[in-house]
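Dropping my_file32.cif in here (mmCIF, C-alpha atoms):
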```cif
data_target
#
loop_
_atom_site.label_atom_id
_atom_site.label_comp_id
_atom_site.auth_asym_id
_atom_site.auth_seq_id
_atom_site.Cartn_x
_atom_site.Cartn_y
_atom_site.Cartn_z
CA MET A 1 -16.90 -93.82 42.38
CA THR A 2 -15.69 -93.03 38.94
CA SER A 3 -17.89 -90.01 38.67
CA THR A 4 -16.75 -88.71 42.03
CA LEU A 5 -13.10 -89.11 41.09
CA GLU A 6 -13.60 -87.26 37.84
CA ILE A 7 -15.31 -84.37 39.59
CA THR A 8 -12.54 -84.07 42.17
CA THR A 9 -9.87 -84.04 39.46
CA GLU A 10 -11.64 -81.27 37.54
CA SER A 11 -12.06 -79.16 40.64
CA ARG A 12 -8.32 -79.06 41.22
CA ARG A 13 -7.52 -77.65 37.77
CA PRO A 14 -6.50 -73.98 37.92
CA PRO A 15 -8.73 -71.53 36.07
CA PRO A 16 -7.52 -70.51 32.63
CA GLU A 17 -6.33 -67.15 33.75
CA ALA A 18 -4.09 -68.71 36.37
CA VAL A 19 -2.02 -70.69 33.88
CA PRO A 20 1.68 -70.02 34.57
CA VAL A 21 3.45 -67.66 32.13
CA GLY A 22 5.94 -70.32 31.26
CA GLY A 23 3.13 -72.37 29.91
CA GLY A 24 2.71 -70.10 26.85
CA PRO A 25 2.68 -66.46 25.72
CA THR A 26 0.37 -64.08 27.50
CA PRO A 27 -2.28 -62.71 25.11
CA THR A 28 -1.61 -59.05 24.11
CA LYS A 29 -3.02 -56.51 21.58
CA PRO A 30 0.02 -55.53 19.53
CA SER A 31 -1.98 -54.42 16.48
CA PHE A 32 -3.93 -51.82 18.50
CA THR A 33 -0.74 -50.43 20.08
CA ARG A 34 1.05 -50.02 16.77
CA ARG A 35 -2.01 -48.41 15.18
CA HIS A 36 -2.33 -46.01 18.11
CA ARG A 37 1.30 -44.98 17.88
CA LYS A 38 1.01 -44.51 14.13
CA LEU A 39 -1.99 -42.24 14.58
CA LEU A 40 -0.11 -40.19 17.15
CA VAL A 41 2.83 -39.80 14.78
CA VAL A 42 0.55 -38.74 11.89
CA ALA A 43 -1.34 -36.30 14.12
CA GLY A 44 1.93 -34.85 15.37
CA ALA A 45 3.22 -34.44 11.85
CA LEU A 46 0.02 -32.72 10.80
CA MET A 47 0.24 -30.34 13.74
CA VAL A 48 3.84 -29.50 12.88
CA THR A 49 2.90 -28.97 9.22
CA VAL A 50 -0.03 -26.72 10.11
CA ALA A 51 2.08 -24.76 12.58
CA ALA A 52 4.81 -24.35 9.98
CA GLY A 53 2.26 -23.26 7.38
CA VAL A 54 0.76 -20.71 9.75
CA GLY A 55 4.23 -19.46 10.57
CA VAL A 56 5.17 -19.10 6.90
CA PHE A 57 1.87 -17.34 6.12
CA ALA A 58 2.36 -14.96 9.06
CA TYR A 59 5.92 -14.23 7.94
CA LEU A 60 4.82 -13.57 4.34
CA TRP A 61 1.92 -11.42 5.56
CA ASP A 62 4.32 -9.24 7.52
CA HIS A 63 7.16 -9.19 4.98
CA THR A 64 5.52 -9.19 1.55
CA GLY A 65 5.00 -5.63 0.52
CA PRO A 66 6.17 -2.84 -1.74
CA HIS A 67 9.70 -2.19 -2.94
CA GLU A 68 11.40 0.95 -4.13
CA LEU A 69 10.83 1.82 -7.76
CA SER A 70 14.27 2.49 -9.19
CA PRO A 71 14.92 5.73 -11.06
CA ALA A 72 16.07 3.58 -14.01
CA THR A 73 12.65 1.89 -14.16
CA ALA A 74 10.90 5.27 -14.00
CA TYR A 75 13.16 6.55 -16.78
CA GLN A 76 12.45 3.53 -19.00
CA ARG A 77 8.73 4.08 -18.55
CA PHE A 78 9.13 7.78 -19.35
CA ARG A 79 11.03 7.07 -22.57
CA ALA A 80 8.60 4.31 -23.56
CA GLY A 81 5.82 6.90 -23.43
CA ASP A 82 7.47 8.70 -26.37
CA PRO A 83 7.53 12.11 -24.67
CA ASP A 84 6.76 15.14 -26.80
CA PRO A 85 9.51 17.72 -26.21
CA TYR A 86 7.21 20.54 -27.29
CA GLY A 87 3.84 19.31 -26.01
CA GLY A 88 3.89 21.53 -22.95
CA SER A 89 6.22 24.26 -24.05
CA GLY A 90 5.48 27.59 -22.42
CA PRO A 91 5.90 29.46 -19.16
CA VAL A 92 5.35 28.06 -15.66
CA GLN A 93 6.44 24.50 -16.31
CA PRO A 94 9.49 22.46 -15.32
CA SER A 95 11.70 20.49 -17.68
CA GLN A 96 10.19 17.11 -18.38
CA GLY A 97 12.02 13.97 -17.33
CA VAL A 98 12.71 12.00 -14.14
CA TYR A 99 13.61 13.81 -10.92
CA LEU A 100 14.97 12.15 -7.81
CA TYR A 101 13.18 12.72 -4.52
CA ARG A 102 14.02 11.32 -1.08
CA GLY A 103 11.42 10.56 1.55
CA SER A 104 9.31 7.99 3.34
CA GLY A 105 5.74 6.80 3.49
CA ASN A 106 3.60 4.52 5.61
CA GLU A 107 0.08 3.23 4.95
CA HIS A 108 -2.22 0.92 6.89
CA ILE A 109 -5.58 -0.62 6.04
CA SER A 110 -7.85 -1.81 8.83
CA LEU A 111 -9.62 -4.64 6.97
CA PRO A 112 -7.82 -6.89 6.44
CA PRO A 113 -5.18 -5.40 8.76
CA LYS A 114 -2.10 -4.72 6.66
CA SER A 115 0.67 -2.11 6.66
CA GLN A 116 3.36 -1.12 4.20
CA VAL A 117 6.29 1.29 4.22
CA GLU A 118 7.89 3.19 1.34
CA GLY A 119 11.01 5.10 0.41
CA PRO A 120 13.64 6.36 0.75
CA THR A 121 14.05 6.61 -3.05
CA ILE A 122 11.00 8.23 -4.68
CA PRO A 123 11.28 8.95 -8.42
CA GLY A 124 9.26 11.89 -9.72
CA THR A 125 8.35 12.17 -13.41
CA VAL A 126 7.25 15.26 -15.33
CA THR A 127 5.58 14.60 -18.69
CA TYR A 128 4.37 17.26 -21.12
CA LEU A 129 0.80 17.09 -22.40
CA LYS A 130 -1.04 19.11 -25.01
CA ASP A 131 -2.27 22.67 -24.52
CA GLY A 132 0.56 23.60 -22.22
CA CYS A 133 -0.39 21.06 -19.52
CA TRP A 134 1.92 18.63 -17.74
CA THR A 135 1.71 15.80 -15.23
CA TRP A 136 3.83 15.30 -12.15
CA ARG A 137 3.95 11.74 -10.82
CA LEU A 138 5.58 10.42 -7.64
CA ASP A 139 6.29 6.69 -7.36
CA TYR A 140 6.42 6.08 -3.62
CA SER A 141 7.05 2.38 -4.37
CA ASP A 142 6.25 -0.25 -6.97
CA SER A 143 2.82 -0.54 -5.30
CA HIS A 144 1.82 3.11 -4.89
CA TRP A 145 1.93 6.21 -7.06
CA GLN A 146 0.19 9.57 -7.13
CA ASN A 147 0.03 12.17 -9.88
CA SER A 148 -1.33 15.63 -10.56
CA THR A 149 -2.10 17.38 -13.83
CA PHE A 150 -1.31 21.10 -14.11
CA CYS A 151 -2.33 23.61 -16.79
CA ARG A 152 -2.04 27.32 -17.41
CA PHE A 153 -5.27 29.17 -16.81
CA GLY A 154 -4.76 32.79 -17.73
CA ASN A 155 -1.61 33.78 -15.87
CA ASN A 156 -2.20 31.19 -13.16
CA LEU A 157 -0.98 27.62 -12.81
CA VAL A 158 -3.92 25.42 -11.85
CA GLU A 159 -4.43 21.74 -11.01
CA VAL A 160 -7.16 20.15 -13.14
CA GLY A 161 -6.87 16.53 -12.06
CA ARG A 162 -5.18 14.06 -9.77
CA ALA A 163 -5.00 10.29 -9.42
CA GLY A 164 -3.57 7.62 -7.16
CA TRP A 165 -2.94 3.88 -7.34
CA TYR A 166 -2.40 1.29 -4.61
CA ARG A 167 -1.61 -2.40 -4.69
CA TRP A 168 -1.86 -4.56 -1.56
CA ASN A 169 -0.17 -7.97 -1.48
CA LEU A 170 -2.26 -10.25 0.75
CA VAL A 171 -0.09 -13.36 0.16
CA ALA A 172 -2.84 -15.45 -1.42
CA LEU A 173 -4.06 -12.63 -3.63
CA SER A 174 -3.22 -9.09 -4.70
CA ILE A 175 -5.70 -6.20 -4.65
CA SER A 176 -5.14 -2.99 -6.61
CA ASP A 177 -7.25 0.06 -7.32
CA THR A 178 -6.90 3.41 -9.09
CA ALA A 179 -8.74 6.55 -8.00
CA THR A 180 -9.06 9.28 -10.64
CA PHE A 181 -10.29 12.81 -9.93
CA ARG A 182 -11.25 15.69 -12.19
CA CYS A 183 -11.05 19.06 -10.49
CA SER A 184 -12.45 22.48 -10.95
CA PRO A 185 -9.39 24.65 -11.66
CA GLU A 186 -7.55 24.67 -8.36
CA VAL A 187 -5.06 27.52 -8.27
CA VAL A 188 -1.68 26.21 -7.16
CA LEU A 189 0.47 29.09 -8.37
CA PRO A 190 -1.40 32.38 -8.92
CA ALA A 191 0.14 35.23 -10.87
CA GLU A 192 -0.19 37.48 -7.82
CA LEU A 193 0.28 36.18 -4.30
CA SER A 194 -0.38 37.46 -0.83
CA VAL A 195 0.08 35.55 2.41
CA GLY A 196 -3.15 33.99 3.62
CA GLN A 197 -4.86 33.81 0.22
CA GLN A 198 -7.30 30.90 -0.01
CA PHE A 199 -8.32 28.99 -3.14
CA PRO A 200 -11.35 26.67 -2.79
CA PHE A 201 -11.73 23.69 -5.11
CA THR A 202 -13.91 20.65 -5.82
CA CYS A 203 -12.87 17.34 -7.40
CA THR A 204 -15.10 14.43 -8.45
CA GLY A 205 -13.59 10.98 -8.59
CA SER A 206 -14.18 7.35 -9.45
CA ASN A 207 -12.41 4.07 -8.70
CA SER A 208 -11.39 1.16 -10.92
CA PRO A 209 -11.51 -1.83 -10.87
CA ILE A 210 -13.15 -1.51 -7.44
CA HIS A 211 -16.60 -0.06 -8.07
CA MET A 212 -18.19 2.36 -5.64
CA ALA A 213 -20.33 5.48 -5.73
CA PRO A 214 -18.68 8.67 -7.04
CA VAL A 215 -16.43 10.44 -4.55
CA VAL A 216 -16.53 14.21 -4.07
CA MET A 217 -13.44 15.92 -2.68
CA THR A 218 -13.83 19.51 -1.49
CA GLY A 219 -11.23 21.69 0.12
CA VAL A 220 -9.22 24.86 0.35
CA ASN A 221 -5.63 25.54 -0.71
CA ARG A 222 -4.06 28.34 1.34
CA TYR A 223 -0.84 30.23 0.66
CA ILE A 224 1.37 30.21 3.77
CA GLY A 225 4.26 32.25 2.38
CA PRO A 226 7.77 31.96 0.93
CA GLN A 227 10.41 29.82 2.59
CA LEU A 228 14.12 29.26 2.05
CA LEU A 229 14.96 25.59 1.45
CA ARG A 230 18.14 23.70 0.70
CA ILE A 231 17.71 21.59 -2.45
CA GLY A 232 20.64 19.58 -3.74
CA GLY A 233 23.08 21.60 -1.66
CA THR A 234 21.72 24.92 -2.94
CA GLU A 235 19.44 27.33 -1.10
CA VAL A 236 16.28 28.12 -3.07
CA VAL A 237 13.11 30.08 -2.36
CA ALA A 238 9.94 27.98 -2.45
CA LEU A 239 6.28 28.94 -2.05
CA HIS A 240 4.48 27.11 0.75
CA PHE A 241 0.83 26.04 0.28
CA ARG A 242 -1.37 24.05 2.68
CA GLU A 243 -4.37 22.07 1.48
CA SER A 244 -7.20 20.76 3.69
CA SER A 245 -9.94 18.66 2.11
CA THR A 246 -12.66 16.11 2.86
CA PHE A 247 -14.11 13.13 0.98
CA ALA A 248 -17.84 12.36 0.71
CA GLY A 249 -19.97 9.97 -1.31
CA GLY A 250 -18.46 6.57 -2.07
CA GLN A 251 -15.65 7.24 0.41
CA HIS A 252 -15.43 9.35 3.54
CA GLY A 253 -12.33 10.89 5.05
CA THR A 254 -9.83 13.72 5.20
CA TYR A 255 -6.64 14.79 3.46
CA VAL A 256 -4.14 17.44 4.59
CA SER A 257 -0.99 18.35 2.70
CA ASP A 258 1.84 20.87 2.73
CA LEU A 259 3.52 21.59 -0.59
CA TRP A 260 6.47 23.81 -1.46
CA VAL A 261 6.72 24.72 -5.15
CA SER A 262 9.25 26.56 -7.27
CA PRO A 263 8.05 30.08 -8.14
CA GLN A 264 9.84 29.80 -11.51
CA ASN A 265 8.20 26.68 -12.94
CA GLY A 266 5.72 25.28 -10.38
CA LEU A 267 7.70 22.08 -9.75
CA PRO A 268 7.02 20.70 -6.23
CA VAL A 269 10.33 20.62 -4.37
CA LYS A 270 9.11 19.45 -0.97
CA GLY A 271 5.91 18.08 0.49
CA SER A 272 4.12 16.04 3.11
CA TRP A 273 0.58 14.69 3.48
CA THR A 274 -1.66 12.79 5.86
CA THR A 275 -4.91 11.04 4.96
CA GLN A 276 -7.59 8.82 6.47
CA VAL A 277 -10.24 7.44 4.14
CA SER A 278 -12.94 4.81 4.78
CA SER A 279 -14.23 2.65 1.93
CA PRO A 280 -16.96 -0.03 1.76
CA THR A 281 -15.82 -3.60 1.05
CA PHE A 282 -17.56 -6.99 0.97
CA LEU A 283 -16.02 -7.64 4.40
CA GLY A 284 -17.19 -4.34 5.87
CA THR A 285 -15.74 -0.84 6.07
CA SER A 286 -11.98 -0.64 5.60
CA THR A 287 -10.06 2.49 6.59
CA LEU A 288 -6.83 3.57 4.94
CA SER A 289 -4.52 5.67 7.11
CA GLY A 290 -1.36 7.05 5.56
CA HIS A 291 1.28 9.73 5.64
CA ALA A 292 4.36 10.56 3.61
CA SER A 293 7.01 13.23 3.12
CA PHE A 294 9.48 13.95 0.32
CA VAL A 295 12.08 16.47 -0.77
CA LEU A 296 13.76 17.03 -4.14
CA ASP A 297 17.29 15.70 -4.22
CA SER A 298 18.39 17.64 -7.32
CA PRO A 299 16.64 20.22 -9.51
CA LYS A 300 18.04 18.59 -12.64
CA ALA A 301 15.80 16.20 -14.61
CA HIS A 302 17.12 13.05 -16.26
CA THR A 303 15.81 13.21 -19.80
#
```

Can the structure from this file be put into structure tokens for me?
Amino acid sequence: MTSTLEITTESRRPPPEAVPVGGGPTPTKPSFTRRHRKLLVVAGALMVTVAAGVGVFAYLWDHTGPHELSPATAYQRFRAGDPDPYGGSGPVQPSQGVYLYRGSGNEHISLPPKSQVEGPTIPGTVTYLKDGCWTWRLDYSDSHWQNSTFCRFGNNLVEVGRAGWYRWNLVALSISDTATFRCSPEVVLPAELSVGQQFPFTCTGSNSPIHMAPVVMTGVNRYIGPQLLRIGGTEVVALHFRESSTFAGGQHGTYVSDLWVSPQNGLPVKGSWTTQVSSPTFLGTSTLSGHASFVLDSPKAHT
């Protein structure tokens, strides 16, 4: 009897999961819930941080670029070079000093894809060299300049060399390179002119610090004719030349320019150019496409 009674009593007890709520707290997993929420918060914060970082990088990629080089900076550099007032004395040369040009430029590289714009202030500097030669340099920005070296050859003014420098700000790093060319005497202002005259030339160049095979630039400079231009509010006659050239060797591409020069001293008073040049890089072939135009604001040099 006792055993039967005990069995009956046990059989009437509710199973553990049926214990009324009021009898004690229902088991939960609070530690897992809090940990899960904390992970979600951390993950969300990381996503926001990454998104913000990507946004900042994209903004800097699009907005970091060249700035105008002020005429004052160009003048300081000119004076720091201790210019020789007699180094290039002779005919067919402009006064040395800093000239003010106005214009615009735009360049784009395909790898990595990056663009930059330049102008409208473009300082131009003339510096006398020995043996009656002189250089003419245009600073399109604080990240791009080009120069040409001119000399007298008989009664002609010829170009014996040219160079160009670019700097590209890629946010995390900056890449710069200088291309330097030596040219067979390219006639830019012959003693005697006739419309349609053509002057072939060849230039051989190298790059630094980027190393590549030598670059050969071949082309023709053709005299288009005289043209009346307004420079600094005054009408002047300028001689119009058009150059077409190609690059081969370490780089491949084309270059076309129009240049108007003073018949008195050979100073360029107006110009425009377009180029497309492909270069090998460790990422693959990168192509530079660019164009620019400029015009002299005043024929007076700041010396």

Check: Quick one: residues within 9 Å of His240 in chain A, all atoms listed in the file counted, chain neighbours fewer than 4 positions away excluded, as JSON, numbers by chain?
Finding: {"A": [222, 223, 224, 225, 226, 227, 258, 259, 260, 261]}

Margin query: I want to know what sits within 12 Å of Pro190 in chain A, based on all atoms listed in the file, with residues of the same chain fewer than 4 positions away left out; could you give that as a PyMOL selection string?
Written below: chain A and resi 92+151-159+185-186+194-195+197-199+221-223+239+241+261+263-266

Notebook entry, point to check: Between CA of Asn207 in chain A and CA of Ala80 in chain A, what is the spacing in Å?
Noted result: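 These atoms are spaced 25.7 Å apart.
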
Next item on the list: Would you write out, as a VMD selection string, every residue that the PyMOL selection byres ((chain A and resi 249) around 7) captures in this file?
Entry: chain A and resid 213 to 216 248 250 to 252

Output as CSV one row per residue of range 197-300 of chain A within 12 Å of range 143-146 of chain A: the closest atom pair and its distance in Å to one decimal place, counting all atoms listed in the file, sorted by chain and residue number ascending.
```
residue,atom,partner,partner_atom,distance
A:Trp273,CA,A:Gln146,CA,11.8
A:Gly290,CA,A:His144,CA,11.6
A:Ala292,CA,A:Gln146,CA,11.6
```

Item checked: Residue contacts of range 179-183 of chain A (9 Å, only C-alpha atoms) excluding same-chain residues fewer than 5 positions away, as a list in words -> Glu159, Val160, Gly161, Arg162, Ala163, Gly164, Trp165, Tyr166, Phe201, Thr202, Cys203, Thr204, Gly205, Ser206, Asn207, Ser208, Val215, Val216 and Met217 of chain A

Next item on the list: Just give me the gap between CA of Asn147 in chain A and CA of Trp168 in chain A in Å, one decimal is fine.
Entry: 18.8 Å

Check: Within 12 Å of Ser286 in chain A, counting only C-alpha atoms, which residues qualify if same-chain residues fewer than 3 places away don't, as a list in words?
Finding: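 Result of the neighbour search: His108, Ile109, Ser110, Leu111, Pro112, Pro113, Lys114, Gln251, His252, Gly253, Gln276, Val277, Ser278, Ser279, Pro280, Thr281, Phe282, Leu283 and Ser289 of chain A.
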
Notebook entry, point to check: Between A:Thr73, A:Gln93, A:Ser115, A:Ser141, which has the minimum distance to Thr287 in chain A (counting all atoms listed in the file)?
Noted result: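 Ranking A:Thr73, A:Gln93, A:Ser115, A:Ser141 by distance to Thr287 in chain A, first place goes to A:Ser115.
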
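Residue nearest Leu296 in chain A, chosen from A:Thr178, A:Thr33, A:Ser95, A:Thr121 and counting all atoms listed in the file: A:Thr121.
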
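Pairwise distance (CA of Gly219 in chain A, CA of Leu193 in chain A) equals 19.0 Å.
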
Checklist line | Sphere at (-10.5, 25.6, 3.0), radius 6 Å, counting all atoms listed in the file: residues as a VMD selection string | finding: chain A and resid 200 219 to 220 244

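Closest to Gln96 in chain A among A:Ser272, A:Gln76, A:Thr149, A:Thr135 is A:Thr135, based on all atoms listed in the file.
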
Check: Which one of A:Thr218, A:Pro66, A:Glu107, A:Arg79 sits closest to Ser184 in chain A if you count all atoms listed in the file?
Finding: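 Under the stated criterion, the closest residue is A:Thr218.
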
Check: Out of A:Arg137, A:Ser257, A:Val269, A:Ala72, which residue has the shortest atom-to-atom distance to Leu228 in chain A when counting all atoms listed in the file?
Finding: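 Closest to Leu228 in chain A of all the choices is A:Val269.
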
Could you write range 164-176 of chain A as an mmCIF file, keeping the file's coordinate frame, with N, CA and C atoms rebuilt where they are missing?
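Generated output (result25.cif):
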```cif
data_model
loop_
_atom_site.group_PDB
_atom_site.id
_atom_site.type_symbol
_atom_site.label_atom_id
_atom_site.label_comp_id
_atom_site.auth_asym_id
_atom_site.auth_seq_id
_atom_site.Cartn_x
_atom_site.Cartn_y
_atom_site.Cartn_z
ATOM 1 N N GLY A 164 -4.419 8.417 -8.039
ATOM 2 C CA GLY A 164 -3.570 7.620 -7.160
ATOM 3 C C GLY A 164 -3.842 6.142 -7.341
ATOM 4 N N TRP A 165 -2.827 5.333 -7.163
ATOM 5 C CA TRP A 165 -2.940 3.880 -7.340
ATOM 6 C C TRP A 165 -2.261 3.167 -6.185
ATOM 7 N N TYR A 166 -2.946 2.140 -5.670
ATOM 8 C CA TYR A 166 -2.400 1.290 -4.610
ATOM 9 C C TYR A 166 -2.500 -0.167 -5.034
ATOM 10 N N ARG A 167 -1.534 -0.948 -4.578
ATOM 11 C CA ARG A 167 -1.610 -2.400 -4.690
ATOM 12 C C ARG A 167 -1.255 -2.981 -3.322
ATOM 13 N N TRP A 168 -2.093 -3.913 -2.852
ATOM 14 C CA TRP A 168 -1.860 -4.560 -1.560
ATOM 15 C C TRP A 168 -1.653 -6.048 -1.793
ATOM 16 N N ASN A 169 -0.493 -6.556 -1.361
ATOM 17 C CA ASN A 169 -0.170 -7.970 -1.480
ATOM 18 C C ASN A 169 -0.640 -8.679 -0.227
ATOM 19 N N LEU A 170 -1.669 -9.532 -0.384
ATOM 20 C CA LEU A 170 -2.260 -10.250 0.750
ATOM 21 C C LEU A 170 -1.856 -11.719 0.732
ATOM 22 N N VAL A 171 -0.689 -12.022 0.241
ATOM 23 C CA VAL A 171 -0.090 -13.360 0.160
ATOM 24 C C VAL A 171 -0.839 -14.230 -0.847
ATOM 25 N N ALA A 172 -2.086 -14.573 -0.537
ATOM 26 C CA ALA A 172 -2.840 -15.450 -1.420
ATOM 27 C C ALA A 172 -3.410 -14.712 -2.623
ATOM 28 N N LEU A 173 -3.548 -13.419 -2.524
ATOM 29 C CA LEU A 173 -4.060 -12.630 -3.630
ATOM 30 C C LEU A 173 -3.514 -11.206 -3.537
ATOM 31 N N SER A 174 -3.663 -10.481 -4.631
ATOM 32 C CA SER A 174 -3.220 -9.090 -4.700
ATOM 33 C C SER A 174 -4.398 -8.222 -5.106
ATOM 34 N N ILE A 175 -4.604 -7.118 -4.377
ATOM 35 C CA ILE A 175 -5.700 -6.200 -4.650
ATOM 36 C C ILE A 175 -5.129 -4.852 -5.050
ATOM 37 N N SER A 176 -5.611 -4.303 -6.163
ATOM 38 C CA SER A 176 -5.140 -2.990 -6.610
ATOM 39 C C SER A 176 -6.344 -2.148 -7.028
#
```
